[in-house]
Each structure stands twice: as C-alpha cells, then as structure tokens.
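Below is the file my_file-v5.txt, which contains compact mmCIF, C-alpha atoms.
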# COMPACT_ATOMS: atom_id res chain seq x y z
CA MET A 245 186.57 53.50 35.47
CA LEU A 246 183.93 52.41 32.97
CA LYS A 247 185.10 50.20 30.15
CA ILE A 248 182.57 49.65 27.40
CA ARG A 249 182.30 45.97 26.56
CA PHE A 250 181.00 44.73 23.25
CA GLY A 251 179.45 41.30 22.86
CA PHE A 252 176.33 39.57 24.14
CA ARG A 253 175.57 37.87 27.41
CA LYS A 254 175.68 34.11 26.74
CA THR A 255 175.05 32.44 30.05
CA LYS A 256 173.53 28.99 30.11
CA ALA A 257 170.45 30.29 31.91
CA ALA A 258 169.89 32.96 29.27
CA LEU A 259 170.34 30.51 26.41
CA ALA A 260 167.94 28.08 28.07
CA ILE A 261 165.07 30.58 27.82
CA PHE A 262 166.18 32.18 24.58
CA ILE A 263 164.94 29.55 22.08
CA PRO A 264 161.24 29.52 23.06
CA LEU A 265 161.16 33.29 23.61
CA ALA A 266 162.91 33.98 20.33
CA VAL A 267 160.18 32.00 18.59
CA CYS A 268 157.61 34.01 20.60
CA LEU A 269 159.11 37.37 19.73
CA THR A 270 159.54 36.64 16.02
CA SER A 271 156.09 35.18 15.40
CA CYS A 272 153.52 37.17 13.47
CA ASP A 273 151.16 37.08 16.43
CA ASN A 274 153.62 39.09 18.52
CA GLU A 275 154.21 41.97 16.15
CA ASP A 276 151.82 43.87 18.42
CA LEU A 277 154.26 43.36 21.29
CA PHE A 278 157.02 45.12 19.36
CA LYS A 279 154.66 47.97 18.49
CA GLN A 280 153.67 48.39 22.14
CA LEU A 281 157.31 48.20 23.22
CA GLN A 282 158.03 51.01 20.77
CA ARG A 283 155.21 53.10 22.24
CA PHE A 284 156.26 52.28 25.79
CA SER A 285 159.91 53.17 25.21
CA SER A 286 159.54 56.15 22.89
CA SER A 287 157.90 58.12 25.71
CA ALA A 288 161.43 58.55 27.04
CA GLN A 289 161.99 61.39 24.60
CA GLN A 290 159.60 63.58 26.58
CA LEU A 291 161.49 62.72 29.76
CA GLN A 292 164.70 63.92 28.16
CA ASN A 293 163.06 67.22 27.19
CA LYS A 294 161.39 67.85 30.56
CA PHE A 295 164.00 66.74 33.07
CA PRO A 296 166.40 69.72 32.72
CA ASP A 297 163.61 71.92 34.14
CA ILE A 298 163.85 69.88 37.35
CA ALA A 299 167.61 69.33 37.47
CA THR A 300 168.63 72.95 36.87
CA ASP A 301 166.19 74.17 39.52
CA VAL A 302 168.32 72.62 42.29
CA TYR A 303 170.74 75.56 41.98
CA ASP A 304 168.05 78.12 41.09
CA SER A 305 166.00 77.19 44.16
CA CYS A 306 169.01 77.87 46.38
CA LEU A 307 169.47 81.29 44.73
CA ARG A 308 165.80 82.13 45.27
CA THR A 309 166.10 81.12 48.91
CA ALA A 310 169.07 83.49 49.32
CA ARG A 311 167.09 86.37 47.81
CA TYR A 312 164.41 85.93 50.46
CA THR A 313 166.69 87.27 53.20
CA PRO A 314 164.63 90.05 54.88
CA ILE A 315 166.41 93.40 54.63
CA GLN A 316 165.56 94.44 58.17
CA ALA A 317 166.75 91.12 59.63
CA SER A 318 170.42 92.02 59.32
CA ASN A 319 172.71 95.02 59.65
CA LYS A 320 174.30 94.12 56.31
CA PRO A 321 171.48 92.40 54.41
CA PHE A 322 172.90 92.74 50.88
CA ARG A 323 176.23 91.27 51.92
CA ASP A 324 174.38 88.44 53.67
CA ARG A 325 172.43 87.76 50.49
CA GLN A 326 175.61 87.65 48.44
CA ASN A 327 177.16 85.23 50.92
CA SER A 328 174.07 83.03 50.82
CA GLN A 329 174.09 83.01 47.02
CA ALA A 330 177.79 82.16 46.99
CA SER A 331 177.17 79.22 49.30
CA CYS A 332 174.80 77.74 46.71
CA THR A 333 177.79 76.54 44.75
CA LYS A 334 178.72 74.08 47.51
CA LEU A 335 177.18 70.72 48.19
CA LYS A 336 178.28 67.61 50.12
CA PHE A 337 177.39 63.97 49.65
CA SER A 338 178.14 60.81 51.57
CA ASN A 339 178.67 57.53 49.77
CA GLU A 340 179.59 54.18 51.29
CA ALA A 341 183.17 55.18 52.06
CA GLU A 342 183.58 58.94 52.38
CA GLU A 343 182.04 62.38 52.29
CA ILE A 344 182.40 64.03 48.90
CA SER A 345 182.37 67.78 48.27
CA SER A 346 180.70 68.91 45.09
CA SER A 347 178.69 71.82 43.77
CA ARG A 348 175.06 72.17 42.90
CA LYS A 349 175.97 72.75 39.25
CA GLU A 350 177.94 69.50 39.20
CA PHE A 351 175.06 67.76 40.95
CA GLU A 352 172.67 69.02 38.29
CA GLU A 353 174.93 67.68 35.54
CA GLN A 354 175.11 64.32 37.31
CA LEU A 355 171.31 64.18 37.62
CA ILE A 356 171.00 64.84 33.90
CA THR A 357 173.58 62.12 33.18
CA VAL A 358 171.70 59.48 35.20
CA ASN A 359 168.46 60.50 33.50
CA GLU A 360 170.13 60.43 30.08
CA VAL A 361 171.37 56.87 30.65
CA ILE A 362 167.82 55.75 31.47
CA VAL A 363 166.38 57.65 28.49
CA ASN A 364 168.93 56.28 26.03
CA TYR A 365 168.25 52.75 27.21
CA LEU A 366 164.52 53.17 26.63
CA LEU A 367 165.03 54.82 23.24
CA SER A 368 167.32 51.98 22.19
CA LEU A 369 164.55 49.49 23.09
CA SER A 370 162.19 51.46 20.87
CA ASP A 371 164.63 51.41 17.94
CA VAL A 372 165.44 47.72 18.31
CA ALA A 373 161.77 46.79 18.65
CA GLY A 374 161.08 48.71 15.44
CA GLY A 375 163.91 46.99 13.64
CA GLU A 376 165.68 50.31 13.19
CA GLU A 377 169.39 50.95 13.26
CA ILE A 378 170.50 52.89 16.32
CA VAL A 379 172.14 56.02 14.98
CA TYR A 380 171.36 58.57 17.71
CA MET A 381 173.97 57.13 20.08
CA GLN A 382 176.89 58.88 18.41
CA ASN A 383 178.10 60.20 21.76
CA LEU A 384 178.21 56.90 23.60
CA GLU A 385 181.81 57.44 24.66
CA ALA A 386 180.96 60.91 26.00
CA LEU A 387 178.03 59.44 27.91
CA GLY A 388 180.35 56.78 29.34
CA ASP A 389 182.73 59.52 30.49
CA ALA A 390 179.84 61.37 32.12
CA VAL A 391 178.85 58.17 33.94
CA ASN A 392 182.42 57.92 35.23
CA ARG A 393 182.10 61.42 36.73
CA VAL A 394 178.94 60.40 38.58
CA GLU A 395 180.49 57.28 40.11
CA PRO A 396 182.34 58.78 43.13
CA ARG A 397 179.09 59.56 44.96
CA LEU A 398 177.30 56.32 44.03
CA LYS A 399 177.14 53.01 45.80
CA MET A 400 178.90 50.08 44.20
CA ARG A 401 175.69 48.45 42.95
CA GLU A 402 174.70 51.78 41.35
CA VAL A 403 178.09 52.07 39.68
CA LYS A 404 177.70 48.57 38.24
CA ALA A 405 174.16 49.37 37.09
CA GLY A 406 175.41 52.33 35.07
CA GLN A 407 178.18 50.26 33.54
CA ASP A 408 175.75 47.49 32.58
CA ILE A 409 173.37 49.89 30.84
CA ILE A 410 176.21 51.57 28.92
CA ASN A 411 177.41 48.15 27.78
CA PHE A 412 173.88 47.30 26.68
CA LEU A 413 173.84 50.46 24.57
CA ALA A 414 177.19 49.52 23.03
CA ASN A 415 175.84 46.08 22.15
CA ALA A 416 172.62 47.54 20.76
CA MET A 417 174.61 49.53 18.22
CA SER A 418 176.19 46.42 16.73
CA ARG A 419 174.74 44.83 13.61
CA GLU A 420 174.32 41.48 15.35
CA PHE A 421 171.79 42.97 17.77
CA ARG A 422 168.29 42.12 16.55
CA ARG A 423 164.77 42.14 17.96
CA GLU A 424 165.13 38.49 18.95
CA THR A 425 167.88 39.34 21.44
CA LEU A 426 165.44 41.40 23.52
CA ALA A 427 164.20 38.11 25.00
CA ILE A 428 167.56 37.92 26.80
CA GLU A 429 168.53 41.57 27.10
CA ILE A 430 165.36 42.93 28.75
CA PRO A 431 165.46 40.47 31.70
CA SER A 432 169.25 40.88 31.95
CA THR A 433 169.07 44.67 32.03
CA ASN A 434 166.05 44.91 34.33
CA LYS A 435 168.07 45.05 37.56
CA PRO A 436 170.48 47.79 36.33
CA LEU A 437 167.55 49.86 35.09
CA GLN A 438 165.65 49.48 38.38
CA VAL A 439 168.74 50.41 40.41
CA TYR A 440 169.48 53.47 38.27
CA ILE A 441 165.87 54.66 38.46
CA CYS A 442 166.05 54.21 42.25
CA ARG A 443 169.13 56.41 42.33
CA LEU A 444 167.52 59.15 40.26
CA LYS A 445 164.39 59.17 42.40
CA LYS A 446 166.46 59.26 45.58
CA ASP A 447 168.29 62.35 44.36
CA ILE A 448 165.13 64.11 43.21
CA VAL A 449 163.38 63.43 46.52
CA GLY A 450 166.32 63.82 48.88
CA GLN A 451 168.10 66.86 47.49
CA TYR A 452 165.36 68.65 45.55
CA LEU A 453 161.94 67.94 47.05
CA ASN A 454 162.91 67.43 50.70
CA ALA A 455 165.85 69.84 50.85
CA GLU A 456 165.98 72.70 48.34
CA LEU A 457 162.24 73.30 47.91
CA GLN A 458 161.44 72.86 51.60
CA THR A 459 164.18 75.36 52.50
CA GLU A 460 162.82 77.76 49.87
CA LYS A 461 159.29 77.53 51.26
CA LYS A 462 160.55 78.20 54.77
CA ALA A 463 162.53 81.24 53.54
CA ILE A 464 159.47 82.61 51.71
CA ASP A 465 157.31 82.22 54.81
CA GLU A 466 159.85 83.95 57.06
CA TYR A 467 160.40 86.74 54.53
CA TYR A 468 156.74 87.70 54.14
CA GLN A 469 155.90 87.16 57.80
CA ALA A 470 158.65 89.63 58.74
CA TYR A 471 157.44 92.31 56.33
CA ILE A 472 153.76 91.83 57.10
CA ASN A 473 154.41 92.07 60.84
CA ARG A 474 156.41 95.23 60.22
CA GLU A 475 153.59 96.77 58.16
CA ILE A 476 151.02 95.85 60.79
CA ARG A 477 153.12 97.49 63.50
CA ASN A 478 153.58 100.62 61.36
CA ASP A 479 149.85 100.77 60.65
CA ARG A 480 149.05 100.57 64.33
CA VAL A 481 151.50 103.37 65.14
CA LYS A 482 150.02 105.57 62.40
CA GLN A 483 146.48 104.86 63.50
CA GLU A 484 147.32 105.67 67.11
CA ARG A 485 149.02 108.90 66.04
CA GLU A 486 146.01 109.92 63.95
CA TYR A 487 143.66 109.10 66.79
CA LEU A 488 145.64 111.37 69.13
CA ILE A 489 145.61 114.16 66.53
CA GLN A 490 141.84 113.86 66.14
CA GLN A 491 141.36 113.92 69.91
CA TYR A 492 143.58 116.99 70.23
CA LEU A 493 141.67 118.87 67.51
CA ARG A 494 138.32 118.08 69.08
CA GLN A 495 139.07 118.46 72.76
CA GLU A 496 141.91 120.93 73.15
CA LEU A 497 141.28 123.31 70.22
CA GLN A 498 137.58 122.50 69.85
CA LEU A 499 138.03 122.30 66.09
CA LYS A 500 136.71 119.85 63.59
CA PRO A 501 139.22 117.82 61.61
CA THR A 502 140.05 119.53 58.34
CA ASP A 503 140.27 117.90 54.94
CA ASN A 504 144.04 118.10 55.26
CA THR A 505 144.04 115.68 58.15
CA PRO A 506 145.86 112.53 57.01
CA PRO A 507 143.27 109.74 56.57
CA THR A 508 143.66 106.42 58.25
CA LYS A 509 145.72 104.19 55.94
CA PRO A 510 143.88 101.02 54.90
CA PRO A 511 145.97 97.83 55.06
CA LEU A 512 146.52 97.70 51.30
CA THR A 513 150.24 97.02 51.70
CA VAL A 514 149.54 94.01 53.89
CA MET A 515 147.02 92.66 51.41
CA LYS A 516 149.51 93.08 48.56
CA LEU A 517 152.22 91.31 50.54
CA GLU A 518 149.86 88.44 51.34
CA SER A 519 149.02 88.09 47.65
CA GLN A 520 152.71 88.00 46.72
CA TRP A 521 153.34 85.48 49.50
CA GLN A 522 150.67 83.11 48.22
CA GLU A 523 151.91 83.49 44.64
CA ALA A 524 155.49 82.62 45.63
CA ILE A 525 154.38 79.56 47.60
CA ALA A 526 152.15 78.46 44.71
CA LYS A 527 155.14 78.45 42.36
CA VAL A 528 157.13 76.25 44.73
CA ARG A 529 154.18 73.87 44.99
CA GLN A 530 154.04 73.73 41.19
CA ARG A 531 157.69 72.69 41.19
CA GLU A 532 156.91 70.04 43.80
CA MET A 533 154.07 68.76 41.64
CA MET A 534 156.34 68.65 38.60
CA ALA A 535 159.02 66.67 40.42
CA GLN A 536 156.46 64.26 41.91
CA ALA A 537 154.81 63.79 38.51
CA TYR A 538 158.22 62.94 37.06
CA ILE A 539 158.79 60.37 39.80
CA ASP A 540 155.38 58.86 39.09
CA VAL A 541 156.35 58.41 35.42
CA LEU A 542 159.65 56.80 36.43
CA ASN A 543 157.80 54.43 38.77
CA THR A 544 155.41 53.39 36.03
CA ILE A 545 158.21 52.86 33.51
CA ALA A 546 160.12 50.80 36.06
CA LYS A 547 157.06 48.68 36.87
CA GLY A 548 156.20 48.16 33.22
CA HIS A 549 159.74 47.08 32.40
CA SER A 550 159.88 44.79 35.43
CA ASP A 551 156.62 43.06 34.51
CA LEU A 552 157.73 42.64 30.88
CA SER A 553 161.01 41.20 32.13
CA GLN A 554 159.09 38.72 34.28
CA GLN A 555 156.90 37.71 31.36
CA LEU A 556 160.04 37.09 29.29
CA GLY A 557 161.42 34.76 31.95
CA GLY A 558 163.23 37.16 34.25
CA ALA A 559 163.07 37.34 38.03
CA ALA A 560 159.97 38.93 39.55
CA LYS A 561 161.81 41.92 40.99
CA GLY A 562 161.17 45.62 40.63
CA GLN A 563 161.20 48.90 42.55
CA ARG A 564 159.95 47.38 45.82
CA GLU A 565 162.93 45.03 45.85
CA PHE A 566 165.52 47.55 44.65
CA CYS A 567 164.14 50.63 46.46
CA PRO A 568 163.43 49.23 49.94
CA ASN A 569 163.06 52.62 51.66
CA GLN A 570 160.60 54.29 49.29
CA PRO A 571 157.17 52.77 50.06
CA ASN A 572 155.20 56.01 49.89
CA GLU A 573 156.32 56.81 46.35
CA LEU A 574 155.15 53.42 45.14
CA GLN A 575 151.61 53.66 46.51
CA VAL A 576 150.47 55.42 43.33
CA LEU A 577 150.89 52.11 41.52
CA ASP A 578 148.94 49.92 43.96
CA GLU A 579 145.51 50.52 42.41
CA PHE A 580 146.96 50.33 38.92
CA ASP A 581 148.59 47.00 39.79
CA GLU A 582 145.15 45.50 40.38
CA ILE A 583 144.12 46.40 36.82
CA LEU A 584 147.19 44.67 35.44
CA ALA A 585 147.13 41.64 37.72
CA GLN A 586 144.98 39.50 35.44
CA GLU A 587 146.93 40.31 32.27
CA ILE A 588 150.24 39.54 33.98
CA LYS A 589 148.85 36.36 35.51
CA GLU A 590 147.80 35.21 32.06
CA SER A 591 151.25 36.17 30.68
CA ASP A 592 149.81 38.61 28.17
CA PRO A 593 152.69 41.09 27.70
CA VAL A 594 150.85 43.00 24.95
CA ALA A 595 147.83 43.74 27.17
CA SER A 596 149.87 44.73 30.23
CA LEU A 597 152.37 46.80 28.22
CA THR A 598 149.47 48.59 26.52
CA GLN A 599 148.02 49.46 29.93
CA TYR A 600 151.36 50.79 31.14
CA THR A 601 151.90 52.80 27.95
CA ASN A 602 148.44 54.38 28.12
CA ARG A 603 149.05 55.36 31.73
CA ILE A 604 152.48 56.80 30.96
CA GLU A 605 151.12 58.91 28.11
CA LEU A 606 148.42 60.36 30.40
CA MET A 607 151.01 61.06 33.11
CA LEU A 608 153.33 62.75 30.61
CA ALA A 609 150.48 64.98 29.45
CA GLN A 610 149.90 65.99 33.07
CA LEU A 611 153.63 66.53 33.59
CA ASN A 612 153.91 68.75 30.52
CA SER A 613 150.94 70.84 31.68
CA ILE A 614 152.78 71.90 34.85
CA SER A 615 154.68 75.16 34.44
CA PRO A 616 155.93 76.84 37.65
CA ASN A 617 156.99 79.99 35.80
CA ASN A 618 153.49 80.95 34.68

Write the structure described by the file as structure tokens, please.
Amino acid sequence: MLKIRFGFRKTKAALAIFIPLAVCLTSCDNEDLFKQLQRFSSSAQQLQNKFPDIATDVYDSCLRTARYTPIQASNKPFRDRQNSQASCTKLKFSNEAEEISSSRKEFEEQLITVNEVIVNYLLSLSDVAGGEEIVYMQNLEALGDAVNRVEPRLKMREVKAGQDIINFLANAMSREFRRETLAIEIPSTNKPLQVYICRLKKDIVGQYLNAELQTEKKAIDEYYQAYINREIRNDRVKQEREYLIQQYLRQELQLKPTDNTPPTKPPLTVMKLESQWQEAIAKVRQREMMAQAYIDVLNTIAKGHSDLSQQLGGAAKGQREFCPNQPNELQVLDEFDEILAQEIKESDPVASLTQYTNRIELMLAQLNSISPNN
C-alpha cells in the first residue's frame, strides 16, 4: 500500500553534490536551463491529451476483431460474435508471483494511471523550474490510490518506482521545495521515472501493438479473404451458367442471344471488398503508427531526463540499463545521440536539453497528425 511521504531526501551523497549544483542552478547564467526545462517538461500536457486514444483502443480493438467473424464461417455467427465480444472483458497478466485476472477496461485505466504519473512528474518539473506554485495536483491522494490499484500486476521495482514518483510530487507541493532542490531531485528521481516509462512501453508494445492490433489485422485478413473467395466462386458459377445458356441458344435452338439474356457480371463486388479490406488494414496501421510515435516520444523524454540527471551529478543510466529487453525501440535514438554527444561531453545541459526539446516538439506534431478514424 502506497504511503505518501513528505520531506526531502538528505543523504550524504546528495548533500555532497548539492552545494556546487545549487550555485549552478541559481546563477544568472543558468536561467536558460530553467527555461529549457520548462519547455522540455511542459510537452507532457500533450501526452496527457493524446494517450487516452491509445489506452481505450485496447478494448475497442478486441471488439472490432470480434465483429470480423465471417457470417458463413459458423452455423451461429451472431451468437459467436456476441461471445467473442463478451470475452473482450477478460484479460490475464503474470507478475513475479502469480497470474492475475483482470479486464481490458481495468487494464486501460491502469495504463492511463501509469501515464498520468509520468505526466504529472514532468509537469511538476515545469512548474518548479518556472518558480510557480504547484496547484494542479489537487488529486494527489486519488492518484496515489490509482497507483495502488496498478501494483498487483507490477514487479517490485516498478511498484517502488511509482511510490517514489508520488512522494516526489508530494514534496514538490510543499513550500520548501524550490528550484534549487532540482539539483538533488532530478538525479534521485531518474531511476523511478526510467522504470515507470519502461513499464508503460512494455504494456503498449506487449498488449496493444503485438497482441490486440496483430489479432485485429489477422481477423480482417481472414474476414475479407473468406468473402472475396466466396464472391469469386459465385462469379465463376454464374459465368459458367451463362456460357451454357449461350451455347444452348446458339447450338440447340439456333437462336441469337436476346437482350434479356443476363449479362456476365463484372467483378465489382470483389473490387469493392478489396477496397474495404485495404481501408480497414490502413486504419490499423495508423493505430500502430500512433502507438509507435508515442513510444518514440517516451524514449526521447527518458533519454533527455537521463542525460540531464547525469549532468547534474547522477549515475549515467537510462532506458538501456532499465529496459534490457527493448533494443529495437531504442534504435531511433542512436543517430540523435551522436548529435548530442558533444554537448553532453562538454556538460552543457542547456544545449543538450534544447536539442531534446526541439526533437520532442517535432515528434509530438507528428503524433498529433495521426488520426486512425479519418
């Protein structure tokens, strides 16, 4: 059970780096760093607005898959569809100790909770960096309760990560929390943030991209293949019947075909089905693009925060250390890392954070341009 703790981390290691960094963060020359941190962190608001489109589609994708049950594939197709739709409410997870039964609706709520924790952390950084009082976190206790409901399916390190971020938010609301404390808090909160982002990406990839949407694509393919094959067979039968009629008129009755003779049906139905098939697949691919674009933004935020943490004296650890089984998702950052290498090497947090922020804003624009429902 999550217990919100108020008070600051005051370890000897943190205090050892605090004095020089506090001077760094409060100097006039580093006002630009606070401005860039505000830009970097305020992008989280768009994540909060966009993510429900992804999370709620976990259940909707299952319903769409159920509707693609071919009518001729079953003696009781409508009952089969209803059963398939009813099964969408069920979902099972395995954590470190046991298998947990849940529902897709509950899973969606848990996804939104994990995302909301990440977003609120980033927004709090923006407010603190701007010297503003944090007033939007009026529902911190409710968020803590939501985090508690997520915990049964999480690993222990993920549970602790959520607790640490919630406690950071509680501290950030206190009057004693000032911009100077970010020199300690950003490195201290880097690991929890990385772990929680890892968890969110794992759920998006594992349950949504690789499960729900792949199943939906397979169902769409099978649905249209069945109907197109049926239409092709029907067309062939009709064409053969018409051919026999024409032969009979010519040979047996020695008559020419009249205008009333049914014309050969062109394959317009097949063409229409193929068009619908491609349109349905295109919408699923748009949803895949949207989810992948969201993951790319999360990766960039995680990398930017990790590098800033390192520049403020924290350990040089990020997604590669905390997400050991996700190498392919991190390749998008490899080329970008080369651009930032010199700035990070020279310990220029303003330059590197500016690069990350510019990239995030471009990625968010691309994310917002994707609309599967159009």

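Of the listed residues A:Ala386, A:Ile378, A:Ile476, A:Cys442, the one whose atoms come nearest to Arg401 of chain A is A:Cys442, with distances taken using all atoms listed in the file.
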
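By all atoms listed in the file, and with residues fewer than 4 positions from Glu532 of chain A along its chain excluded, the set lying at most 8 Å from it is A:Leu453, A:Leu457, A:Val528, A:Gln536.
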
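With all atoms listed in the file as the atoms that count, the minimum distance from Ala595 of chain A to the choices A:Pro296, A:Pro616, A:Gly388, A:Gly548 is reached by A:Gly548.
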
Dump as a VMD selection string all residues having an atom at most 10 Å from (175.6, 45.9, 32.6), computed in the file's coordinates with all atoms listed in the file. chain A and resid 248 to 249 253 403 to 413 429 432 to 437

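For segment 277-291 of chain A, the list of residues within 6 Å, based on only C-alpha atoms and with local chain neighbours fewer than 3 positions off taken out, reads Asn274, Lys294, Phe295, Val363, Leu366, Leu367, Ser370, Ala373, Val594 and Thr601 of chain A.
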
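When atom CA of Gln329 of chain A is paired with atom CA of Pro396 of chain A, their separation reads 25.9 Å.
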
Contacts of Trp521 of chain A at 12 Å (only C-alpha atoms; same-chain gap of 2+ positions) as number ranges by chain: A: 312, 461-472, 514-519, 523-528

Looking at A:Ser596, A:Ser613, A:Thr300, A:Gln458, which one is nearest to Lys547 of chain A, with distances taken over all atoms listed in the file? A:Ser596

8 Å contact set for Cys306 of chain A, only C-alpha atoms, chain neighbours under 4 positions out, as a ChimeraX atom specification: /A:302,310,329,332,456,460

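Between Glu352 of chain A and the residues A:Met417, A:Ala546, A:Val394, A:Leu611, the shortest atom-to-atom distance, using all atoms listed in the file, involves A:Val394.
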
From (169.7, 67.4, 46.0), in the file's coordinates, out to 12 Å: which residues are reached, counting all atoms listed in the file? Answer as a ChimeraX atom specification. /A:298-306,332,334-337,346-355,443-459

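Using only C-alpha atoms, the smallest distance between any of A:Asn392, A:Thr313, A:Gln610, A:Ser615 and Tyr538 of chain A comes from A:Gln610.
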
Quick one: pull the distance between atom CA of Ala535 of chain A and atom CA of Leu307 of chain A, Å, one decimal. 18.5 Å

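Of note, atom CA of Glu395 of chain A and atom CA of Thr357 of chain A are spaced 10.9 Å apart.
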
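Distances here use only C-alpha atoms; by that measure, the residue among A:Met607, A:Asp276, A:Leu426, A:Glu360 closest to Asp592 of chain A is A:Asp276.
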